[in-house]
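protein.txt, holding compact mmCIF, C-alpha atoms:
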```txt
# COMPACT_ATOMS: atom_id res chain seq x y z
CA PHE A 1 -26.66 -12.60 8.57
CA LYS A 2 -26.47 -12.80 4.78
CA LEU A 3 -25.23 -9.21 4.39
CA PHE A 4 -22.64 -9.45 7.13
CA GLU A 5 -21.29 -12.96 6.56
CA LEU A 6 -22.11 -14.51 3.18
CA VAL A 7 -21.87 -11.65 0.68
CA ARG A 8 -19.39 -9.50 2.57
CA ARG A 9 -16.49 -8.09 0.58
CA PRO A 10 -13.31 -10.01 1.44
CA LEU A 11 -10.64 -8.22 3.42
CA PRO A 12 -7.54 -7.37 1.36
CA ARG A 13 -4.42 -9.34 2.19
CA ASN A 14 -0.86 -9.20 0.89
CA ALA A 15 0.29 -12.03 -1.35
CA GLU A 16 3.65 -13.02 -2.80
CA ASP A 17 2.17 -13.98 -6.18
CA ILE A 18 -1.11 -14.98 -7.82
CA GLY A 19 -0.95 -18.49 -6.39
CA ASN A 20 -2.77 -21.26 -8.26
CA TRP A 21 -4.03 -18.80 -10.84
CA PHE A 22 -0.53 -18.91 -12.37
CA HIS A 23 -1.08 -22.57 -13.31
CA VAL A 24 -4.54 -21.79 -14.69
CA MET A 25 -3.17 -18.97 -16.85
CA SER A 26 -0.28 -21.11 -18.03
CA ALA A 27 -2.65 -23.92 -19.04
CA LEU A 28 -4.84 -21.41 -20.88
CA THR A 29 -1.89 -20.04 -22.87
CA TRP A 30 -0.71 -23.49 -23.91
CA THR A 31 -4.26 -24.49 -24.90
CA ALA A 32 -4.70 -21.22 -26.80
CA MET A 33 -1.54 -21.88 -28.82
CA PHE A 34 -2.82 -25.20 -30.10
CA THR A 35 -6.34 -23.85 -30.63
CA ASN A 36 -5.07 -20.91 -32.66
CA ALA A 37 -2.77 -23.15 -34.71
CA GLY A 38 -5.76 -25.42 -35.45
CA LEU A 39 -7.93 -22.45 -36.45
CA VAL A 40 -5.25 -21.08 -38.79
CA VAL A 41 -4.54 -24.43 -40.47
CA PHE A 42 -7.94 -26.12 -40.63
CA THR A 43 -10.54 -23.32 -40.89
CA PHE A 44 -8.90 -20.15 -42.24
CA GLY A 45 -7.47 -21.89 -45.29
CA ALA A 46 -4.05 -20.31 -44.84
CA PHE A 47 -2.33 -23.52 -45.99
CA ASP A 48 -4.79 -24.57 -48.73
CA ASP A 49 -2.56 -23.35 -51.53
CA PRO A 50 1.01 -23.12 -50.15
CA PRO A 51 3.92 -21.97 -52.30
CA GLY A 52 5.61 -24.63 -54.45
CA TYR A 53 8.60 -25.30 -52.18
CA PHE A 54 6.31 -26.69 -49.41
CA GLY A 55 4.92 -29.37 -51.71
CA ASP A 56 1.59 -31.11 -51.22
CA LEU A 57 1.64 -31.92 -47.52
CA PRO A 58 -1.41 -32.87 -45.49
CA ARG A 59 -2.90 -30.23 -43.20
CA TRP A 60 -1.90 -32.04 -40.00
CA VAL A 61 1.78 -31.55 -40.94
CA TYR A 62 1.22 -27.81 -41.17
CA PHE A 63 -0.62 -27.94 -37.83
CA ILE A 64 2.32 -29.72 -36.14
CA PHE A 65 4.83 -27.33 -37.72
CA LEU A 66 2.89 -24.21 -36.67
CA SER A 67 2.29 -25.62 -33.15
CA GLY A 68 5.99 -26.40 -32.79
CA ALA A 69 6.94 -22.88 -33.95
CA LEU A 70 4.52 -21.31 -31.43
CA CYS A 71 5.83 -23.58 -28.63
CA CYS A 72 9.42 -22.57 -29.41
CA PHE A 73 8.42 -18.90 -29.38
CA LYS A 74 6.64 -19.32 -26.00
CA VAL A 75 9.60 -21.15 -24.41
CA ALA A 76 12.08 -18.58 -25.76
CA THR A 77 9.92 -15.79 -24.34
CA MET A 78 9.74 -17.52 -20.94
CA ILE A 79 13.54 -17.89 -20.88
CA LEU A 80 14.41 -14.38 -22.08
CA ILE A 81 11.96 -12.40 -19.91
CA GLU A 82 12.72 -12.44 -16.18
CA ASP A 83 9.97 -13.30 -13.73
CA VAL A 84 11.05 -10.51 -11.38
CA PRO A 85 12.50 -7.30 -12.88
CA SER A 86 16.08 -6.49 -11.92
CA SER A 87 15.06 -3.23 -10.19
CA ILE A 88 12.71 -5.20 -7.90
CA GLN A 89 15.45 -7.75 -7.17
CA VAL A 90 17.85 -4.94 -6.19
CA ALA A 91 15.21 -3.39 -3.91
CA GLU A 92 14.46 -6.75 -2.25
CA GLU A 93 18.16 -7.42 -1.67
CA HIS A 94 18.57 -3.94 -0.17
CA HIS A 95 15.59 -4.46 2.15
CA ALA A 96 16.97 -7.83 3.24
CA TRP A 97 20.33 -6.20 4.00
CA LEU A 98 18.62 -3.43 6.00
CA ARG A 99 16.61 -6.00 7.99
CA SER A 100 19.78 -7.92 8.81
CA GLN A 101 21.50 -4.68 9.94
CA VAL A 102 18.56 -3.73 12.14
CA ASP A 103 18.40 -7.25 13.60
CA ASN A 104 22.14 -7.19 14.33
CA ASP A 105 21.88 -3.75 15.96
CA ALA A 106 18.91 -4.85 18.06
CA ALA A 107 20.73 -7.99 19.19
CA SER A 108 23.87 -6.06 20.15
CA THR A 109 22.00 -3.37 22.12
CA GLU A 110 19.65 -5.66 23.98
CA ARG A 111 19.51 -4.92 27.68
CA PRO A 112 17.94 -6.99 30.40
CA GLN A 113 14.58 -5.63 31.47
CA GLU A 114 14.52 -3.93 34.82
CA GLU A 115 11.92 -4.66 37.44
CA VAL A 116 9.48 -1.78 37.87
CA ASP A 117 7.71 -1.19 41.16
CA LEU A 118 4.17 -0.36 40.05
CA ALA A 119 3.25 0.98 43.48
CA ALA A 120 5.90 3.70 43.10
CA LEU A 121 4.36 5.08 39.89
CA ASP A 122 2.46 8.34 40.23
CA LEU A 123 -0.58 8.00 37.97
CA THR A 124 -2.44 11.10 39.13
CA VAL A 125 -3.58 13.66 36.58
CA ASP A 126 -3.14 17.32 37.47
CA ASP A 127 -6.07 19.67 37.15
CA ALA A 128 -5.72 22.04 34.20
CA ASN A 129 -6.21 25.06 36.44
CA THR A 130 -3.46 24.25 38.95
CA GLY A 131 -1.04 26.47 37.09
CA ALA A 132 1.65 23.80 36.94
CA PHE A 133 4.02 24.72 34.14
CA ARG A 134 5.28 21.95 31.94
CA ASP A 135 8.42 22.44 29.94
CA PRO A 136 7.39 22.51 26.25
CA ALA A 137 10.68 20.86 25.34
CA ASN A 138 9.29 17.72 26.99
CA PHE A 139 6.67 17.65 24.25
CA GLY A 140 9.10 18.33 21.41
CA ILE A 141 8.14 21.99 20.93
CA PRO A 142 10.92 24.56 20.96
CA ILE A 143 10.44 27.67 23.12
CA ALA A 144 10.78 29.99 20.09
CA LYS A 145 7.84 28.30 18.39
CA ILE A 146 5.69 28.69 21.50
CA ARG A 147 6.56 32.39 21.69
CA ARG A 148 5.51 32.82 18.04
CA ARG A 149 2.22 31.04 18.76
CA LEU A 150 1.54 33.22 21.81
CA ALA A 151 2.26 36.37 19.79
CA ALA A 152 -0.15 35.21 17.08
CA ILE A 153 -2.85 34.46 19.68
CA ARG A 154 -2.42 37.87 21.30
CA LYS A 155 -2.60 39.57 17.90
CA ARG A 156 -5.83 37.73 17.06
CA ARG A 157 -7.37 38.64 20.41
CA LYS A 158 -6.59 42.33 19.92
CA SER A 159 -8.14 42.40 16.46
CA LYS A 160 -11.17 40.35 17.46
CA ARG A 161 -14.47 42.21 17.77
CA PRO A 162 -17.12 41.32 20.32
CA THR A 163 -19.38 38.53 19.08
CA ARG A 164 -23.01 37.88 19.98
CA VAL A 165 -23.60 34.79 22.11
CA PRO A 166 -27.16 33.45 22.57
CA LEU A 167 -28.26 33.25 26.19
CA ALA A 168 -30.90 30.96 27.66
CA GLU A 169 -34.23 30.65 25.85
CA GLY A 170 -36.34 33.78 25.86
CA GLU A 171 -33.47 36.08 26.67
CA GLY A 172 -31.85 38.43 24.20
CA GLU A 173 -28.33 38.32 22.94
CA GLU A 174 -25.55 40.16 24.64
CA PRO A 175 -22.18 40.96 23.13
CA GLU A 176 -19.32 38.87 24.41
CA GLU A 177 -16.38 40.86 25.61
CA PRO A 178 -13.00 39.73 24.32
CA GLU A 179 -10.80 38.09 26.90
CA ALA A 180 -8.06 40.19 28.38
CA SER A 181 -4.70 39.53 26.79
CA GLU A 182 -2.06 37.87 28.85
CA PRO A 183 0.82 40.05 30.07
```
Using the file provided, produce a representation of the structure as structure tokens.
Amino acid sequence: FKLFELVRRPLPRNAEDIGNWFHVMSALTWTAMFTNAGLVVFTFGAFDDPPGYFGDLPRWVYFIFLSGALCCFKVATMILIEDVPSSIQVAEEHHAWLRSQVDNDAASTERPQEEVDLAALDLTVDDANTGAFRDPANFGIPIAKIRRRLAAIRKRRKSKRPTRVPLAEGEGEEPEEPEASEP
């Protein structure tokens, strides 16, 4: 039970997006911005001895300034980079147009279904040795292709040597005669 139900690999399914993981990743990026700003300002000592034009400001001012700069950069990046690339948008619009065309064609060519008398259907299967000839065109094979196949089969049969076929247990092997070629 454990192997077949509890620890079984999940079946793959299509999804539009990553779902709730988007919110988790977004929260992580916002938290990482503030964490990194705090590390740079309070522990790395990057703002311990700033140039003279910054003056003597407390570290929390530098933290707020750096956090604000990172937030502006993140928002600008979110605005400038599209969520869905333009090539994907074009493909989706084209697929939607094709679906609408197919739906319109299907609606315009819809015919009422005819009643079928099931008793009138012939469901018998002919024996393979009856010699009934079926038109190969019914199966999508052109006559010329069948003639080429028959010629190749006849050529193989002519060039084929007799092969040894094992008989019942205890008996020797006799050579198998090649089948006569068809006229």
Separation of atom CA of Pro51 of chain A from atom CA of Thr31 of chain A in Å: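 If I compute the distance from atom CA of Thr31 of chain A to atom CA of Pro51 of chain A, I get 28.7 Å.
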Contacts of Asn36 of chain A within 10 Å, only C-alpha atoms, excl. fewer than 4 positions in-chain, as a PyMOL selection string: chain A and resi 31-32+40-42+63+66-67+70
Atom CA of Asp117 of chain A to atom CA of Phe139 of chain A, straight-line distance in Å: 25.3 Å
Å distance separating atom CA of Ala27 of chain A from atom CA of Trp60 of chain A, one decimal place: 22.5 Å
Which residue of A:Phe44, A:Phe22, A:Phe34, A:Trp97 approaches Ile64 of chain A most closely, using all atoms listed in the file: A:Phe34
